[in-house]
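Peer 1: Structure: start.tsv, TSV, C-alpha atoms.
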```
chain	number	residue	atom	x	y	z
A	1347	MET	CA	-28.42	-84.12	46.55
A	1348	ASN	CA	-30.22	-82.42	43.67
A	1349	ASN	CA	-29.77	-78.77	42.76
A	1350	ARG	CA	-33.20	-77.70	44.02
A	1351	ILE	CA	-32.51	-79.06	47.53
A	1352	VAL	CA	-29.03	-77.51	47.56
A	1353	THR	CA	-30.41	-74.10	46.63
A	1354	ARG	CA	-33.26	-74.32	49.15
A	1355	LYS	CA	-30.90	-75.20	52.02
A	1356	LEU	CA	-28.71	-72.19	51.35
A	1357	LEU	CA	-31.60	-69.78	50.88
A	1358	LEU	CA	-32.98	-70.85	54.25
A	1359	GLY	CA	-29.63	-69.98	55.84
A	1360	GLY	CA	-27.09	-72.10	57.64
A	1361	GLY	CA	-25.12	-73.10	54.55
A	1362	LEU	CA	-24.23	-76.61	53.41
A	1363	ASN	CA	-22.27	-79.40	55.02
A	1364	GLY	CA	-19.89	-81.54	52.98
A	1365	HIS	CA	-19.07	-80.44	49.45
A	1366	ASP	CA	-22.55	-80.20	47.87
A	1367	LEU	CA	-22.09	-76.58	46.82
A	1368	TYR	CA	-18.57	-77.12	45.50
A	1369	ASN	CA	-19.73	-80.06	43.39
A	1370	LYS	CA	-22.55	-77.92	42.02
A	1371	ILE	CA	-20.11	-75.16	40.99
A	1372	ILE	CA	-17.55	-77.45	39.31
A	1373	ALA	CA	-20.10	-79.73	37.61
A	1374	LEU	CA	-19.54	-80.01	33.86
A	1375	GLU	CA	-23.15	-78.99	33.29
A	1376	ASN	CA	-22.56	-75.74	35.19
A	1377	LEU	CA	-19.22	-75.05	33.48
A	1378	PHE	CA	-20.71	-75.48	29.99
A	1379	SER	CA	-23.71	-73.38	31.02
A	1380	ALA	CA	-21.26	-70.71	32.23
A	1381	TRP	CA	-19.58	-70.73	28.81
A	1382	THR	CA	-22.91	-70.00	27.11
A	1383	GLU	CA	-23.40	-66.94	29.28
A	1384	PHE	CA	-19.74	-65.91	29.37
A	1385	LYS	CA	-19.26	-65.80	25.60
A	1386	ARG	CA	-22.30	-63.57	25.05
A	1387	GLY	CA	-21.23	-60.41	23.19
A	1388	LYS	CA	-17.57	-61.49	23.18
A	1389	LEU	CA	-17.32	-63.83	20.18
A	1390	LYS	CA	-15.13	-61.40	18.24
A	1391	LYS	CA	-12.56	-61.19	21.06
A	1392	GLN	CA	-9.40	-63.10	20.24
A	1393	ASP	CA	-9.06	-64.82	23.61
A	1394	ILE	CA	-12.66	-66.06	23.37
A	1395	ILE	CA	-12.05	-67.30	19.82
A	1396	ASP	CA	-8.93	-69.13	21.01
A	1397	LEU	CA	-10.77	-70.74	23.91
A	1398	SER	CA	-13.70	-71.78	21.73
A	1399	VAL	CA	-11.35	-73.80	19.49
A	1400	ILE	CA	-10.30	-75.99	22.42
A	1401	LEU	CA	-13.40	-75.51	24.55
A	1402	GLU	CA	-14.28	-79.08	25.52
A	1403	GLU	CA	-10.68	-79.98	26.27
A	1404	SER	CA	-10.26	-76.81	28.36
A	1405	ILE	CA	-13.46	-77.29	30.36
A	1406	PHE	CA	-12.70	-80.94	31.09
A	1407	ASP	CA	-9.20	-79.94	32.16
A	1408	LEU	CA	-10.58	-77.17	34.40
A	1409	ASN	CA	-13.07	-79.60	35.92
A	1410	GLN	CA	-10.29	-82.08	36.68
A	1411	ARG	CA	-8.03	-79.45	38.26
A	1412	LEU	CA	-10.93	-78.28	40.41
A	1413	LYS	CA	-11.63	-81.88	41.43
A	1414	ASP	CA	-8.06	-82.74	42.41
A	1415	GLY	CA	-7.30	-79.37	44.00
A	1416	SER	CA	-4.55	-78.37	41.56
A	1417	TYR	CA	-6.38	-75.32	40.14
A	1418	LYS	CA	-4.43	-72.05	40.37
A	1419	HIS	CA	-5.72	-68.70	39.19
A	1420	SER	CA	-3.79	-67.07	36.35
A	1421	ALA	CA	-2.04	-63.70	36.39
A	1422	TYR	CA	-3.84	-60.57	35.17
A	1423	LYS	CA	-3.38	-58.28	32.20
A	1424	ASP	CA	-4.17	-54.66	32.95
A	1425	PHE	CA	-5.49	-51.88	30.73
A	1426	TYR	CA	-7.54	-48.67	30.93
A	1427	ILE	CA	-11.04	-47.91	29.68
A	1428	TYR	CA	-13.33	-44.86	29.67
A	1429	ASP	CA	-16.63	-45.57	31.41
A	1430	PRO	CA	-16.88	-42.56	30.86
A	1431	LYS	CA	-14.08	-41.74	33.31
A	1432	LEU	CA	-10.74	-43.52	33.14
A	1433	ARG	CA	-10.78	-46.88	34.93
A	1434	HIS	CA	-7.96	-49.32	35.55
A	1435	ILE	CA	-9.14	-52.83	34.61
A	1436	HIS	CA	-7.43	-56.12	35.41
A	1437	LYS	CA	-8.35	-59.02	33.15
A	1438	ALA	CA	-7.77	-62.70	33.93
A	1439	GLU	CA	-7.29	-65.46	31.36
A	1440	ALA	CA	-10.46	-66.54	29.56
A	1441	ILE	CA	-10.67	-69.92	31.30
A	1442	ASP	CA	-10.48	-68.23	34.71
A	1443	ARG	CA	-13.18	-65.77	33.72
A	1444	LEU	CA	-15.36	-68.69	32.63
A	1445	LEU	CA	-14.90	-70.11	36.14
A	1446	HIS	CA	-15.85	-66.73	37.61
A	1447	GLN	CA	-19.11	-66.97	35.64
A	1448	ALA	CA	-19.70	-70.52	36.91
A	1449	ILE	CA	-19.22	-69.38	40.50
A	1450	PHE	CA	-21.30	-66.23	40.04
A	1451	GLN	CA	-24.32	-68.00	38.58
A	1452	ILE	CA	-24.46	-70.39	41.55
A	1453	LEU	CA	-23.64	-68.02	44.40
A	1454	GLN	CA	-25.38	-64.83	43.23
A	1455	PRO	CA	-28.95	-66.21	43.65
A	1456	LEU	CA	-28.04	-67.56	47.08
A	1457	TYR	CA	-26.81	-64.19	48.31
A	1458	ASP	CA	-29.23	-61.94	46.45
A	1459	ARG	CA	-32.17	-62.65	48.74
A	1460	GLN	CA	-30.31	-61.41	51.79
A	1461	PHE	CA	-29.48	-58.09	50.11
A	1462	ILE	CA	-31.71	-55.10	50.81
A	1463	PHE	CA	-34.15	-53.92	48.15
A	1464	ASP	CA	-32.33	-50.62	47.68
A	1465	SER	CA	-28.96	-52.08	46.70
A	1466	TYR	CA	-28.76	-51.51	42.93
A	1467	SER	CA	-25.33	-52.57	41.63
A	1468	SER	CA	-24.76	-55.84	39.70
A	1469	ARG	CA	-28.18	-57.31	40.42
A	1470	LEU	CA	-30.94	-58.57	38.16
A	1471	ASN	CA	-33.54	-55.90	37.32
A	1472	LYS	CA	-31.57	-53.20	39.13
A	1473	GLY	CA	-28.83	-50.90	37.78
A	1474	VAL	CA	-27.83	-47.22	37.57
A	1475	HIS	CA	-31.07	-45.88	36.05
A	1476	LYS	CA	-33.28	-47.67	38.55
A	1477	ALA	CA	-31.10	-46.41	41.40
A	1478	ARG	CA	-31.56	-42.83	40.19
A	1479	ALA	CA	-35.30	-43.38	39.71
A	1480	ARG	CA	-35.62	-44.83	43.21
A	1481	PHE	CA	-33.74	-41.87	44.69
A	1482	HIS	CA	-36.10	-39.45	42.91
A	1483	LYS	CA	-39.16	-41.40	44.04
A	1484	LEU	CA	-38.05	-41.39	47.69
A	1485	ALA	CA	-37.13	-37.70	47.58
A	1486	TRP	CA	-40.41	-36.72	45.90
A	1487	ARG	CA	-42.47	-38.71	48.38
A	1488	LEU	CA	-40.56	-37.34	51.36
A	1489	SER	CA	-40.98	-33.79	50.02
A	1490	ARG	CA	-44.75	-34.34	49.75
A	1491	ASN	CA	-44.74	-33.43	46.07
A	1492	ASN	CA	-42.05	-30.78	46.50
A	1493	THR	CA	-43.90	-28.88	49.26
A	1494	ARG	CA	-41.29	-29.35	52.01
A	1495	THR	CA	-37.49	-29.37	52.16
A	1496	VAL	CA	-35.66	-32.68	51.77
A	1497	TRP	CA	-32.00	-32.96	52.67
A	1498	VAL	CA	-29.73	-35.56	51.05
A	1499	LEU	CA	-26.55	-36.98	52.56
A	1500	LYS	CA	-24.39	-38.19	49.66
A	1501	CYS	CA	-21.44	-40.46	50.47
A	1502	ASP	CA	-18.69	-42.08	48.41
A	1503	ILE	CA	-16.29	-44.72	49.73
A	1504	ARG	CA	-12.66	-43.86	49.04
A	1505	LYS	CA	-10.93	-46.30	46.64
A	1506	PHE	CA	-13.39	-49.05	47.49
A	1507	PHE	CA	-12.21	-51.86	45.19
A	1508	ASP	CA	-8.57	-51.21	46.11
A	1509	SER	CA	-9.43	-51.22	49.82
A	1510	VAL	CA	-11.48	-54.40	50.28
A	1511	ASP	CA	-9.81	-56.41	53.04
A	1512	HIS	CA	-9.33	-60.06	51.99
A	1513	ARG	CA	-9.60	-61.47	55.51
A	1514	ILE	CA	-12.78	-59.58	56.32
A	1515	LEU	CA	-14.33	-60.56	52.98
A	1516	LEU	CA	-13.55	-64.25	53.52
A	1517	ALA	CA	-14.93	-64.10	57.07
A	1518	ILE	CA	-18.20	-62.61	55.77
A	1519	LEU	CA	-18.43	-65.26	53.04
A	1520	ALA	CA	-17.80	-68.01	55.61
A	1521	ARG	CA	-20.90	-67.04	57.57
A	1522	LYS	CA	-23.08	-68.28	54.72
A	1523	ILE	CA	-20.87	-70.83	53.01
A	1524	LYS	CA	-19.97	-73.89	55.10
A	1525	ASP	CA	-18.36	-75.84	52.26
A	1526	GLU	CA	-14.60	-75.59	52.89
A	1527	LYS	CA	-13.77	-76.36	49.26
A	1528	VAL	CA	-15.87	-73.43	48.06
A	1529	LEU	CA	-14.19	-71.15	50.59
A	1530	GLY	CA	-10.81	-72.43	49.42
A	1531	LEU	CA	-11.70	-71.70	45.79
A	1532	LEU	CA	-12.94	-68.22	46.65
A	1533	ALA	CA	-9.76	-67.61	48.66
A	1534	GLU	CA	-7.69	-68.62	45.61
A	1535	ILE	CA	-9.54	-66.07	43.46
A	1536	ILE	CA	-9.46	-63.32	46.08
A	1537	SER	CA	-5.74	-63.78	46.79
A	1538	SER	CA	-4.91	-63.77	43.06
A	1539	PHE	CA	-5.01	-59.96	43.11
A	1540	GLU	CA	-3.94	-57.30	45.57
A	1541	THR	CA	-3.22	-53.58	45.54
A	1542	SER	CA	-1.39	-53.85	48.87
A	1543	PRO	CA	-0.90	-56.86	51.18
A	1544	ASP	CA	-4.26	-58.64	51.62
A	1545	LYS	CA	-6.18	-55.76	50.07
A	1546	GLY	CA	-8.08	-55.14	46.84
A	1547	ILE	CA	-10.34	-56.88	44.34
A	1548	PRO	CA	-10.05	-56.32	40.55
A	1549	LEU	CA	-12.61	-54.34	38.59
A	1550	GLY	CA	-12.40	-56.84	35.72
A	1551	ASN	CA	-13.65	-59.91	37.61
A	1552	LEU	CA	-17.32	-60.87	37.57
A	1553	THR	CA	-16.79	-62.33	41.05
A	1554	SER	CA	-15.78	-58.85	42.25
A	1555	GLN	CA	-19.34	-57.68	41.56
A	1556	LEU	CA	-20.66	-60.32	43.94
A	1557	PHE	CA	-17.90	-59.75	46.49
A	1558	SER	CA	-18.52	-56.00	46.55
A	1559	ASN	CA	-22.21	-56.49	47.30
A	1560	VAL	CA	-21.50	-59.10	49.97
A	1561	TYR	CA	-18.96	-56.76	51.57
A	1562	LEU	CA	-21.13	-53.64	51.54
A	1563	ASN	CA	-24.22	-55.59	52.57
A	1564	GLU	CA	-22.71	-55.23	56.05
A	1565	LEU	CA	-23.21	-51.46	55.78
A	1566	ASP	CA	-26.68	-51.88	54.24
A	1567	GLN	CA	-27.85	-54.10	57.10
A	1568	GLU	CA	-26.45	-51.74	59.72
A	1569	ILE	CA	-28.20	-48.72	58.21
A	1570	LYS	CA	-31.52	-50.36	57.30
A	1571	ARG	CA	-32.04	-53.01	59.98
A	1572	LYS	CA	-30.19	-51.69	63.04
A	1573	TRP	CA	-30.45	-47.92	62.60
A	1574	ARG	CA	-33.90	-48.18	60.98
A	1575	ILE	CA	-33.13	-45.69	58.21
A	1576	LYS	CA	-35.92	-45.88	55.63
A	1577	ASN	CA	-34.72	-43.59	52.85
A	1578	TYR	CA	-31.41	-45.12	51.77
A	1579	VAL	CA	-30.16	-46.01	48.28
A	1580	ARG	CA	-26.81	-47.60	47.40
A	1581	TYR	CA	-25.15	-48.31	44.07
A	1582	ALA	CA	-21.72	-49.93	44.53
A	1583	ASP	CA	-19.64	-47.51	46.65
A	1584	ASP	CA	-22.01	-44.52	46.21
A	1585	PHE	CA	-24.95	-44.14	48.58
A	1586	LEU	CA	-27.56	-41.62	49.73
A	1587	ILE	CA	-29.63	-41.05	52.84
A	1588	LEU	CA	-32.63	-38.69	52.75
A	1589	ASP	CA	-34.36	-36.84	55.59
A	1590	THR	CA	-36.35	-33.68	56.22
A	1591	ASP	CA	-34.10	-32.96	59.20
A	1592	ARG	CA	-30.56	-31.92	58.27
A	1593	ALA	CA	-29.38	-32.38	61.88
A	1594	LYS	CA	-30.22	-36.11	61.73
A	1595	LEU	CA	-28.01	-36.54	58.67
A	1596	GLU	CA	-25.19	-34.64	60.37
A	1597	GLU	CA	-25.47	-37.06	63.31
A	1598	LEU	CA	-25.38	-40.07	61.00
A	1599	LEU	CA	-22.22	-39.08	59.16
A	1600	PRO	CA	-19.71	-39.89	61.94
A	1601	MET	CA	-21.62	-43.08	62.73
A	1602	ILE	CA	-21.23	-44.23	59.12
A	1603	ALA	CA	-17.54	-43.32	59.06
A	1604	ASP	CA	-16.94	-45.19	62.32
A	1605	PHE	CA	-18.78	-48.31	61.14
A	1606	LEU	CA	-16.87	-48.41	57.84
A	1607	SER	CA	-13.52	-47.95	59.56
A	1608	THR	CA	-14.12	-50.38	62.43
A	1609	ASN	CA	-15.90	-53.19	60.61
A	1610	LEU	CA	-14.77	-53.00	56.98
A	1611	LYS	CA	-11.46	-51.07	57.06
A	1612	LEU	CA	-12.91	-48.51	54.65
A	1613	SER	CA	-13.14	-44.73	54.69
A	1614	LEU	CA	-15.34	-42.08	53.13
A	1615	HIS	CA	-13.89	-39.90	50.38
A	1616	PRO	CA	-13.32	-36.50	52.05
A	1617	ASP	CA	-14.09	-34.58	48.84
A	1618	LYS	CA	-17.20	-36.54	47.86
A	1619	VAL	CA	-19.35	-36.33	50.97
A	1620	PHE	CA	-21.95	-33.57	51.24
A	1621	ILE	CA	-25.42	-32.66	52.50
A	1622	GLN	CA	-27.53	-30.92	49.87
A	1623	ARG	CA	-31.12	-29.82	49.43
A	1624	PHE	CA	-32.95	-31.94	46.88
A	1625	ALA	CA	-34.43	-28.83	45.28
A	1626	LYS	CA	-30.94	-27.57	44.44
A	1627	GLY	CA	-30.03	-30.76	42.58
A	1628	VAL	CA	-28.05	-33.76	43.83
A	1629	ASP	CA	-25.12	-35.24	41.93
A	1630	PHE	CA	-25.63	-39.03	41.97
A	1631	LEU	CA	-24.28	-41.66	39.57
A	1632	GLY	CA	-23.24	-39.23	36.85
A	1633	ASN	CA	-26.41	-37.14	36.73
A	1634	VAL	CA	-27.62	-34.19	38.76
A	1635	THR	CA	-31.18	-34.97	39.85
A	1636	TYR	CA	-33.69	-32.18	40.48
A	1637	PRO	CA	-37.36	-32.49	41.48
A	1638	HIS	CA	-38.54	-32.21	37.85
A	1639	HIS	CA	-35.59	-33.28	35.68
A	1640	GLN	CA	-32.04	-34.66	35.45
A	1641	ILE	CA	-28.97	-33.29	33.70
A	1642	LEU	CA	-25.55	-34.72	32.98
A	1643	ARG	CA	-23.00	-33.37	35.45
A	1644	THR	CA	-20.77	-30.60	34.00
A	1645	LYS	CA	-17.55	-32.47	34.77
A	1646	THR	CA	-18.77	-35.50	32.84
A	1647	LYS	CA	-19.82	-33.36	29.85
A	1648	LYS	CA	-16.37	-31.79	29.62
A	1649	ARG	CA	-14.62	-35.15	29.97
A	1650	VAL	CA	-16.79	-36.79	27.30
A	1651	LEU	CA	-16.35	-33.97	24.75
A	1652	LYS	CA	-12.59	-33.86	25.36
A	1653	LYS	CA	-12.35	-37.60	24.81
A	1654	MET	CA	-14.44	-37.46	21.61
A	1655	LYS	CA	-12.21	-34.73	20.18
A	1656	LYS	CA	-9.15	-36.81	20.95
A	1657	LEU	CA	-10.64	-39.94	19.40
A	1658	LYS	CA	-11.62	-38.05	16.24
A	1659	LYS	CA	-8.01	-36.89	15.80
A	1660	GLU	CA	-6.64	-40.37	16.53
A	1661	LEU	CA	-9.03	-41.88	13.99
A	1662	LYS	CA	-7.76	-39.53	11.27
A	1663	MET	CA	-4.18	-40.50	12.17
A	1664	GLU	CA	-5.24	-44.20	12.15
A	1665	LYS	CA	-4.15	-44.65	15.76
A	1666	VAL	CA	-7.52	-46.17	16.66
A	1667	SER	CA	-10.10	-48.12	14.68
A	1668	ALA	CA	-13.49	-46.82	13.58
A	1669	GLU	CA	-15.08	-49.62	15.62
A	1670	TYR	CA	-13.32	-48.43	18.79
A	1671	VAL	CA	-14.54	-44.87	18.23
A	1672	TYR	CA	-18.07	-46.09	17.53
A	1673	GLN	CA	-18.09	-48.12	20.77
A	1674	ALA	CA	-16.87	-45.12	22.78
A	1675	GLN	CA	-19.46	-42.88	21.12
A	1676	ALA	CA	-22.25	-45.36	21.87
A	1677	SER	CA	-21.14	-45.53	25.49
A	1678	PHE	CA	-21.15	-41.74	25.81
A	1679	LEU	CA	-24.55	-41.42	24.11
A	1680	GLY	CA	-25.94	-43.87	26.63
A	1681	LEU	CA	-25.21	-41.29	29.32
A	1682	THR	CA	-27.68	-38.83	27.77
A	1683	LYS	CA	-30.58	-41.23	27.44
A	1684	TYR	CA	-32.13	-40.53	30.83
A	1685	CYS	CA	-31.54	-36.80	31.16
A	1686	ARG	CA	-31.87	-33.48	29.35
A	1687	GLY	CA	-29.01	-33.69	26.91
A	1688	ARG	CA	-29.89	-32.79	23.31
A	1689	GLU	CA	-27.00	-30.36	22.89
A	1690	ILE	CA	-24.38	-32.71	24.33
A	1691	GLU	CA	-25.85	-35.54	22.24
A	1692	LYS	CA	-25.37	-33.52	19.04
A	1693	LYS	CA	-21.79	-32.71	20.01
A	1694	ILE	CA	-20.98	-36.35	20.78
A	1695	LYS	CA	-22.37	-37.47	17.42
A	1696	SER	CA	-20.36	-34.84	15.56
A	1697	GLY	CA	-17.24	-35.50	17.63
A	1698	LEU	CA	-16.84	-31.77	18.31
```
Step by step, read the file and then write its structure as structure tokens.
Peer 2:
Amino acid sequence: MNNRIVTRKLLLGGGLNGHDLYNKIIALENLFSAWTEFKRGKLKKQDIIDLSVILEESIFDLNQRLKDGSYKHSAYKDFYIYDPKLRHIHKAEAIDRLLHQAIFQILQPLYDRQFIFDSYSSRLNKGVHKARARFHKLAWRLSRNNTRTVWVLKCDIRKFFDSVDHRILLAILARKIKDEKVLGLLAEIISSFETSPDKGIPLGNLTSQLFSNVYLNELDQEIKRKWRIKNYVRYADDFLILDTDRAKLEELLPMIADFLSTNLKLSLHPDKVFIQRFAKGVDFLGNVTYPHHQILRTKTKKRVLKKMKKLKKELKMEKVSAEYVYQAQASFLGLTKYCRGREIEKKIKSGL
């Protein structure tokens, strides 16, 4: 069966019988294509350099292990990054991450069409800035050009990546995927990491981006299709609902909490849920959005400047490289691109 027919069958729903999808994922053509995408921007990384030296041998070996069922996912190395807040990352071996890319580039298009329009994380032509822009557009339209009050329910899921239930995730995946070998491979990847028994997916895996959207698509469908909520925007585990009636949002809050708990074994963060007037500014995805402008949240400003001061000292003491400091600085400057931030931008550049 050719790739076009395979893709069409899955997009139409109902999944695939036999092992058509599995064969598509493990095909040498797909694995080498995954390498091309996977290595992008990483060619100076030592593990990528090491893999590139024995690339053909490694890909053929991976293909064979996937064919005979002997593939086992490697252990993870963990480290912390600032993005801009501190995040705990778990990184698999390069060959496993190449496989993640191979899986992602086959499964992502198949799932993407069932996602709602207003899901903005880890999707083509979406992202943080478009999520913020969409929120502003919905709020402005609902306010009739800022002539009536718009209320915003802002929610954050508590420790989302650490809390994803493996069994529930696999059950959701199995609704679409009928190829048992694919499900077995996904189970191997999912079970390779846990924060507690049968819980958690790692931030460092590309597959986790797909899994998180598949998992939270359950919430998206409930809110948009069953509850008929029009003004809803989600980016990863942060989401907003807008209405001109505060009472409606207050009614929705326990419904959301109950759905998350009952169906996904998740909970809302008690300190990050609020109902706020749009005109007073709403903190969403690192920026506070007002009707006519955006600013970087105060907490983020303080954290960024504190980190830059620390890096400047560490650079003088030769504890970190100039390249590392430059990368951190570039990341922090990226935060100011879409908001009023000339003063903070100057301070980041000077390291003060």
Peer 1: Using only C-alpha atoms, find each residue of region 1587-1655 of chain A with at least one atom at most 12 Å away from an atom of region 1511-1517 of chain A; report its shortest atom-to-atom pair and that distance in Å (one decimal), sort the rows by chain and rising residue number, and return the result as CSV.
Peer 2:
```
residue,atom,partner,partner_atom,distance
A:Leu1606,CA,A:Asp1511,CA,11.7
A:Ser1607,CA,A:Asp1511,CA,11.3
A:Thr1608,CA,A:Ile1514,CA,11.1
A:Asn1609,CA,A:Ile1514,CA,8.3
A:Leu1610,CA,A:Ile1514,CA,6.9
A:Lys1611,CA,A:Asp1511,CA,6.9
A:Leu1612,CA,A:Asp1511,CA,8.6
```
Peer 1: Could you check how far CA of Thr1553 (chain A) sits from CA of Lys1423 (chain A), in Å to one decimal?
Peer 2: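 Separation between CA of Thr1553 (chain A) and CA of Lys1423 (chain A): 16.6 Å.
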Peer 1: Quick one: everything within 9 Å of region 1394-1402 of chain A, counting all atoms listed in the file, minus sequence neighbours fewer than 4 positions away in the same chain. Send it as a PyMOL selection string.
Peer 2: chain A and resi 1378+1381+1385+1388-1390+1406-1407+1440-1441
Peer 1: So which one's closest to Tyr1422 (chain A), A:Ile1435, A:Ile1523, A:Ala1603, A:Leu1556? Using all atoms listed in the file, please.
Peer 2: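 Nearest to Tyr1422 (chain A): A:Ile1435.
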Peer 1: Write out as a PyMOL selection string which residues come within 12 Å of region 1643-1654 of chain A when counting all atoms listed in the file, dropping same-chain ones fewer than 2 positions away.
Peer 2: chain A and resi 1427-1432+1627-1636+1640-1641+1656-1661+1670-1682+1685-1687+1689-1698
Peer 1: Measuring between all atoms listed in the file, which one of A:Asn1577, A:Thr1590, A:Asn1369, A:Gln1454 shows the shortest distance to His1482 (chain A)?
Peer 2: A:Asn1577
Peer 1: Smallest atom-to-atom distance to Ile1569 (chain A): which of A:Tyr1581, A:Tyr1466, A:Phe1539, A:Phe1605, using only C-alpha atoms?
Peer 2: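 Distance minimum relative to Ile1569 (chain A) lands on A:Phe1605.
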Peer 1: For CA of Arg1469 (chain A) and CA of Asn1559 (chain A), quote the distance in Å rounded to one decimal.
Peer 2: 9.1 Å
Peer 1: As a count of residues only, please: the residues near region 1595-1599 of chain A (cut-off 12 Å, all atoms listed in the file, same-chain neighbours under 3 positions excluded).
Peer 2: 34
Peer 1: Calculate how many Å separate CA of Ala1582 (chain A) from CA of Ile1372 (chain A), rounding to one decimal.
Peer 2: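 These atoms are spaced 28.3 Å apart.
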Peer 1: Given all atoms listed in the file as the basis, pick out the residue of A:Glu1664, A:Ile1503, A:Phe1425, A:Gly1415 nearest to Asp1583 (chain A).
Peer 2: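 Selected residue with least distance to Asp1583 (chain A): A:Ile1503.
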Peer 1: Let me make sure I understand: among A:Arg1580, A:Lys1370, A:Arg1490, A:Lys1572, which one has the smallest atom-to-atom distance to Lys1472 (chain A) if we use only C-alpha atoms?
Peer 2: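 Closest residue, counting only C-alpha atoms: A:Arg1580.
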Peer 1: Compare A:Leu1408, A:Ala1380, A:Ala1438, A:Met1663 by their minimum atom-to-atom distance to Ile1452 (chain A), counting all atoms listed in the file, and give me the closest one.
Peer 2: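 Smallest separation from Ile1452 (chain A) among the options: A:Ala1380.
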Peer 1: Please, can region 1386-1402 of chain A be completed to N, CA and C atoms and returned as a tab-separated table (two decimals), in the coordinates of the input?
Peer 2:
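Below is the file selection.tsv, written as the result:
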```tsv
chain	number	residue	atom	x	y	z
A	1386	ARG	N	-21.32	-64.49	25.61
A	1386	ARG	CA	-22.30	-63.57	25.05
A	1386	ARG	C	-21.69	-62.19	24.81
A	1387	GLY	N	-21.75	-61.73	23.55
A	1387	GLY	CA	-21.23	-60.41	23.19
A	1387	GLY	C	-19.72	-60.34	23.08
A	1388	LYS	N	-19.03	-61.50	23.19
A	1388	LYS	CA	-17.57	-61.49	23.18
A	1388	LYS	C	-16.97	-62.35	22.06
A	1389	LEU	N	-17.79	-62.84	21.16
A	1389	LEU	CA	-17.32	-63.83	20.18
A	1389	LEU	C	-16.28	-63.29	19.20
A	1390	LYS	N	-16.15	-61.97	19.12
A	1390	LYS	CA	-15.13	-61.40	18.24
A	1390	LYS	C	-13.80	-61.16	18.96
A	1391	LYS	N	-13.78	-61.37	20.28
A	1391	LYS	CA	-12.56	-61.19	21.06
A	1391	LYS	C	-11.62	-62.36	20.81
A	1392	GLN	N	-10.35	-62.06	20.62
A	1392	GLN	CA	-9.40	-63.10	20.24
A	1392	GLN	C	-9.26	-64.18	21.31
A	1393	ASP	N	-9.23	-63.79	22.58
A	1393	ASP	CA	-9.06	-64.82	23.61
A	1393	ASP	C	-10.27	-65.74	23.70
A	1394	ILE	N	-11.45	-65.23	23.37
A	1394	ILE	CA	-12.66	-66.06	23.37
A	1394	ILE	C	-12.64	-66.99	22.15
A	1395	ILE	N	-12.19	-66.46	21.02
A	1395	ILE	CA	-12.05	-67.30	19.82
A	1395	ILE	C	-11.08	-68.44	20.09
A	1396	ASP	N	-9.95	-68.12	20.71
A	1396	ASP	CA	-8.93	-69.13	21.01
A	1396	ASP	C	-9.47	-70.19	21.95
A	1397	LEU	N	-10.21	-69.77	22.97
A	1397	LEU	CA	-10.77	-70.74	23.91
A	1397	LEU	C	-11.82	-71.61	23.25
A	1398	SER	N	-12.63	-71.02	22.38
A	1398	SER	CA	-13.70	-71.78	21.73
A	1398	SER	C	-13.17	-72.93	20.88
A	1399	VAL	N	-11.97	-72.75	20.34
A	1399	VAL	CA	-11.35	-73.80	19.49
A	1399	VAL	C	-11.04	-75.04	20.31
A	1400	ILE	N	-10.66	-74.85	21.56
A	1400	ILE	CA	-10.30	-75.99	22.42
A	1400	ILE	C	-11.22	-76.05	23.64
A	1401	LEU	N	-12.47	-75.69	23.43
A	1401	LEU	CA	-13.40	-75.51	24.55
A	1401	LEU	C	-13.60	-76.76	25.39
A	1402	GLU	N	-13.99	-77.87	24.76
A	1402	GLU	CA	-14.28	-79.08	25.52
A	1402	GLU	C	-13.06	-79.55	26.29
```
